[in-house]
Each structure stands twice: as structure tokens, then as C-alpha cells.
Amino acid sequence: MRSQHRPNRLNRLIRQGLIYSLLLAVAILGLGGVGFWLIDPGIATLSDGLWLAFTTAATVGFGDVVPSTHASRAFSVVVVLLGLAVLSLVTASLSAIFVEKEVAEEERQIEKDLMREIQHLRQDVADLRQEIKARSSADQPGDH
């Protein structure tokens with residue numbers, strides 16, 4: 001019964017991890033966009049700030065919108081580091097979802113193999129008990 005609950009719990013945790021990672025990514029990109037918009041006078045609109053935050057976090061850097069002040073360049077370093085970290089989390093969460101099914105199938109196969117081995121051992125023990133009983137009966141003097 002325990003083995004049935006484990007995959008469901010693991011599945012739920014992995015999916016929650018993906019959701020939390022995506023929410024964190026959106027929060028970092030949103031705050032980065034607002035930060036660029038507030039800090040850099042060259043960023044005229046919030047959408048330009050969000051675009052700069054995305055291209056900076058993803059380390060794409062198209063060059064169409066760039067930080068123009070020392071403060072916004074320093075801020076872009078923070079956005080790059082946070083972006084790399086959170087995008088790595090999202091990637092890891094997605095990978096875990098794909099790998100999860102393979103691991104669950106492998107665990108089921110291992111469990112089947114173990115149960116088969118336990119059954120063989122039980123049969124061996126029962127056979128040995130019968131053999132011991134037969135020998136002890138043969139060794140005892142009978143009613144002559």
C-alpha cells in the first residue's frame with residue numbers, strides 16, 4: 001500500500017516544484033522589468049523593461065534594448081544571476097517530470113523481482129522443512 005502512495009506523492013511534489021519554479025521565474029522577470037524601468041532612464045516603457053529583463057535573464061542580449069547607466073548595468077548582473085538560477089530550476093523541474101515515469105516503471109519492476117525472489121525463498125524454506133521432517137522421522141526408531 002505504501003508503494004502506491006509514494007508515486008502519487010512524488011508526482012505531486014514534482015509538479016508543485018515546476019509550478020513554484022515558474023512562479024518564481026515570472027516574479028523575477030516581473031521585478032527585473034520594473035527595476036529596469038525605474039532605474040534606467042533609457043527604458044521608456046514597462047514593456048521595454050520586461051523585455052530587457054527577459055533577454056538579460058536568459059542571457060540572450062539581442063542588443064535592441066540595453067542598460068545605459070552604471071546602476072542598471074549592476075542591476076543586470078543581479079538579473080542574470082537570478083535568471084540563470086531560476087531558469088535552471090524550471091529546466092530541472094521539467095526534466096524530473098519526464099524522468100519520473102521511467103523511474104516509477106523501474107521501481108515497479110524491481111518490486112516484482114523482489115516479490116518473486118521472496119516467493120522462491122519461501123518455497124525453498126518449506127522444502128527444507130519437509131526434508132528435515134522426513135530425515136528426522138527416518139532417524140527415529142519406529143515402533144517395532
# chains A, B, ... in the order shown; residues from 1 in each chain; ligands from 1
>>> residues_around(residues="Leu38 in chain A", least_positions_apart="2", cutoff="12 Å", atoms="only C-alpha atoms", output="PDB file with C-alpha atoms, in the first residue's frame")
ATOM      1  CA  LEU A  31      10.567  42.571 -10.735  1.00  0.00           C
ATOM      2  CA  GLY A  32      13.507  42.801 -13.119  1.00  0.00           C
ATOM      3  CA  GLY A  33      11.345  44.557 -15.696  1.00  0.00           C
ATOM      4  CA  VAL A  34      10.004  47.026 -13.145  1.00  0.00           C
ATOM      5  CA  GLY A  35      13.529  47.547 -11.808  1.00  0.00           C
ATOM      6  CA  PHE A  36      14.968  48.339 -15.240  1.00  0.00           C
ATOM      7  CA  ASP A  40      17.323  53.201 -16.321  1.00  0.00           C
ATOM      8  CA  PRO A  41      16.244  56.479 -17.986  1.00  0.00           C
ATOM      9  CA  GLY A  42      16.758  54.834 -21.402  1.00  0.00           C
ATOM     10  CA  ILE A  43      13.905  52.405 -20.732  1.00  0.00           C
ATOM     11  CA  ALA A  44      10.786  54.348 -21.671  1.00  0.00           C
ATOM     12  CA  THR A  45       8.076  51.737 -21.111  1.00  0.00           C
ATOM     13  CA  LEU A  46       7.426  48.890 -18.727  1.00  0.00           C
ATOM     14  CA  ASP A  48      10.801  47.535 -22.672  1.00  0.00           C
ATOM     15  CA  GLY A  49      11.882  46.905 -19.086  1.00  0.00           C
ATOM     16  CA  LEU A  50      10.259  43.458 -19.121  1.00  0.00           C
ATOM     17  CA  PRO A  67      21.155  49.084 -19.836  1.00  0.00           C
ATOM     18  CA  THR A  69      23.635  53.564 -16.632  1.00  0.00           C
ATOM     19  CA  ALA A  71      23.199  51.298 -11.769  1.00  0.00           C
ATOM     20  CA  SER A  72      21.171  49.485 -14.427  1.00  0.00           C
ATOM     21  CA  PHE A  75      21.174  45.545 -11.707  1.00  0.00           C
TER      22      PHE A  75
END
>>> atom_distance(atom1="CA of Ala57 in chain A", atom2="CA of Gly30 in chain A")
11.1 Å
>>> residues_around(residues="range 88-91 of chain A", least_positions_apart="4", cutoff="10 Å", atoms="only C-alpha atoms", output="list in words")
Gly17, Leu18, Ile19, Tyr20, Ser21, Leu22, Leu23, Leu24, Ala25, Leu82, Gly83, Leu84, Ser95 and Ala96 of chain A
>>> write_last_selection(atoms="all heavy atoms", output="mmCIF file, in the first residue's frame")
data_model
loop_
_atom_site.group_PDB
_atom_site.id
_atom_site.type_symbol
_atom_site.label_atom_id
_atom_site.label_comp_id
_atom_site.auth_asym_id
_atom_site.auth_seq_id
_atom_site.Cartn_x
_atom_site.Cartn_y
_atom_site.Cartn_z
ATOM 1 N N GLY A 17 6.788 21.594 -7.662
ATOM 2 C CA GLY A 17 8.099 22.214 -7.866
ATOM 3 C C GLY A 17 8.150 22.968 -9.176
ATOM 4 O O GLY A 17 8.710 24.064 -9.254
ATOM 5 N N LEU A 18 7.549 22.413 -10.217
ATOM 6 C CA LEU A 18 7.509 23.095 -11.507
ATOM 7 C C LEU A 18 6.683 24.369 -11.403
ATOM 8 O O LEU A 18 7.094 25.427 -11.892
ATOM 9 C CB LEU A 18 6.940 22.180 -12.591
ATOM 10 C CG LEU A 18 6.753 22.817 -13.967
ATOM 11 C CD1 LEU A 18 8.091 23.271 -14.535
ATOM 12 C CD2 LEU A 18 6.075 21.846 -14.907
ATOM 13 N N ILE A 19 5.541 24.277 -10.754
ATOM 14 C CA ILE A 19 4.677 25.460 -10.609
ATOM 15 C C ILE A 19 5.400 26.541 -9.811
ATOM 16 O O ILE A 19 5.403 27.718 -10.202
ATOM 17 C CB ILE A 19 3.337 25.069 -9.948
ATOM 18 C CG1 ILE A 19 2.517 24.222 -10.919
ATOM 19 C CG2 ILE A 19 2.548 26.302 -9.533
ATOM 20 C CD1 ILE A 19 1.316 23.554 -10.301
ATOM 21 N N TYR A 20 6.033 26.165 -8.695
ATOM 22 C CA TYR A 20 6.762 27.147 -7.893
ATOM 23 C C TYR A 20 7.928 27.751 -8.674
ATOM 24 O O TYR A 20 8.185 28.951 -8.594
ATOM 25 C CB TYR A 20 7.272 26.521 -6.593
ATOM 26 C CG TYR A 20 6.187 26.140 -5.618
ATOM 27 C CD1 TYR A 20 6.305 25.019 -4.820
ATOM 28 C CD2 TYR A 20 5.021 26.892 -5.498
ATOM 29 C CE1 TYR A 20 5.313 24.653 -3.923
ATOM 30 C CE2 TYR A 20 4.022 26.540 -4.614
ATOM 31 C CZ TYR A 20 4.172 25.425 -3.822
ATOM 32 O OH TYR A 20 3.188 25.078 -2.943
ATOM 33 N N SER A 21 8.614 26.929 -9.444
ATOM 34 C CA SER A 21 9.727 27.429 -10.249
ATOM 35 C C SER A 21 9.249 28.422 -11.296
ATOM 36 O O SER A 21 9.869 29.464 -11.511
ATOM 37 C CB SER A 21 10.457 26.278 -10.940
ATOM 38 O OG SER A 21 11.003 25.396 -10.008
ATOM 39 N N LEU A 22 8.137 28.095 -11.952
ATOM 40 C CA LEU A 22 7.590 29.012 -12.952
ATOM 41 C C LEU A 22 7.112 30.318 -12.317
ATOM 42 O O LEU A 22 7.327 31.399 -12.872
ATOM 43 C CB LEU A 22 6.450 28.340 -13.713
ATOM 44 C CG LEU A 22 6.864 27.259 -14.701
ATOM 45 C CD1 LEU A 22 5.638 26.518 -15.228
ATOM 46 C CD2 LEU A 22 7.665 27.848 -15.847
ATOM 47 N N LEU A 23 6.465 30.206 -11.159
ATOM 48 C CA LEU A 23 6.019 31.419 -10.463
ATOM 49 C C LEU A 23 7.216 32.279 -10.044
ATOM 50 O O LEU A 23 7.179 33.506 -10.165
ATOM 51 C CB LEU A 23 5.173 31.060 -9.241
ATOM 52 C CG LEU A 23 3.780 30.514 -9.533
ATOM 53 C CD1 LEU A 23 3.095 30.065 -8.249
ATOM 54 C CD2 LEU A 23 2.936 31.556 -10.255
ATOM 55 N N LEU A 24 8.270 31.624 -9.576
ATOM 56 C CA LEU A 24 9.480 32.356 -9.203
ATOM 57 C C LEU A 24 10.101 33.024 -10.422
ATOM 58 O O LEU A 24 10.549 34.174 -10.354
ATOM 59 C CB LEU A 24 10.479 31.401 -8.534
ATOM 60 C CG LEU A 24 11.749 32.016 -7.966
ATOM 61 C CD1 LEU A 24 11.435 33.054 -6.908
ATOM 62 C CD2 LEU A 24 12.634 30.919 -7.402
ATOM 63 N N ALA A 25 10.118 32.334 -11.553
ATOM 64 C CA ALA A 25 10.658 32.910 -12.790
ATOM 65 C C ALA A 25 9.850 34.135 -13.204
ATOM 66 O O ALA A 25 10.423 35.178 -13.559
ATOM 67 C CB ALA A 25 10.652 31.869 -13.904
ATOM 68 N N LEU A 82 20.133 35.724 -11.028
ATOM 69 C CA LEU A 82 18.834 35.179 -10.611
ATOM 70 C C LEU A 82 18.152 34.448 -11.763
ATOM 71 O O LEU A 82 17.536 33.393 -11.563
ATOM 72 C CB LEU A 82 17.929 36.296 -10.089
ATOM 73 C CG LEU A 82 18.328 36.910 -8.748
ATOM 74 C CD1 LEU A 82 17.421 38.090 -8.420
ATOM 75 C CD2 LEU A 82 18.284 35.878 -7.644
ATOM 76 N N GLY A 83 18.262 34.998 -12.949
ATOM 77 C CA GLY A 83 17.653 34.364 -14.120
ATOM 78 C C GLY A 83 18.246 33.005 -14.406
ATOM 79 O O GLY A 83 17.530 32.046 -14.684
ATOM 80 N N LEU A 84 19.571 32.907 -14.345
ATOM 81 C CA LEU A 84 20.211 31.601 -14.559
ATOM 82 C C LEU A 84 19.751 30.592 -13.519
ATOM 83 O O LEU A 84 19.464 29.441 -13.842
ATOM 84 C CB LEU A 84 21.732 31.743 -14.515
ATOM 85 C CG LEU A 84 22.376 32.380 -15.733
ATOM 86 C CD1 LEU A 84 23.866 32.615 -15.476
ATOM 87 C CD2 LEU A 84 22.186 31.514 -16.952
ATOM 88 N N SER A 95 12.620 18.330 -16.423
ATOM 89 C CA SER A 95 13.353 17.067 -16.593
ATOM 90 C C SER A 95 12.856 16.015 -15.617
ATOM 91 O O SER A 95 12.714 14.843 -15.972
ATOM 92 C CB SER A 95 14.846 17.286 -16.383
ATOM 93 O OG SER A 95 15.348 18.187 -17.330
ATOM 94 N N ALA A 96 12.591 16.430 -14.386
ATOM 95 C CA ALA A 96 12.108 15.494 -13.364
ATOM 96 C C ALA A 96 10.775 14.881 -13.763
ATOM 97 O O ALA A 96 10.519 13.702 -13.511
ATOM 98 C CB ALA A 96 11.990 16.197 -12.013
#
>>> closest_residue(among="A:Leu94, A:Ala27, A:Asp64, A:Ile110", to="Asn11 in chain A", atoms="only C-alpha atoms")
A:Leu94
>>> atom_distance(atom1="CA of Ile97 in chain A", atom2="CA of Arg9 in chain A")
12.9 Å
>>> closest_residue(among="A:Leu29, A:Leu121, A:Ala92, A:Ile132", to="Ile14 in chain A", atoms="only C-alpha atoms")
A:Ala92
>>> atom_distance(atom1="CA of Val86 in chain A", atom2="CA of Gly61 in chain A")
17.5 Å
>>> select_by_dssp(residues="range 33-85 of chain A", states="alpha helix (DSSP H)", output="NGL selection string")
:A and (33-39 or 46-57 or 70-85)
>>> closest_residue(among="A:Ile39, A:Gln123, A:Lys112, A:Ile28", to="Val79 in chain A", atoms="only C-alpha atoms")
A:Ile28
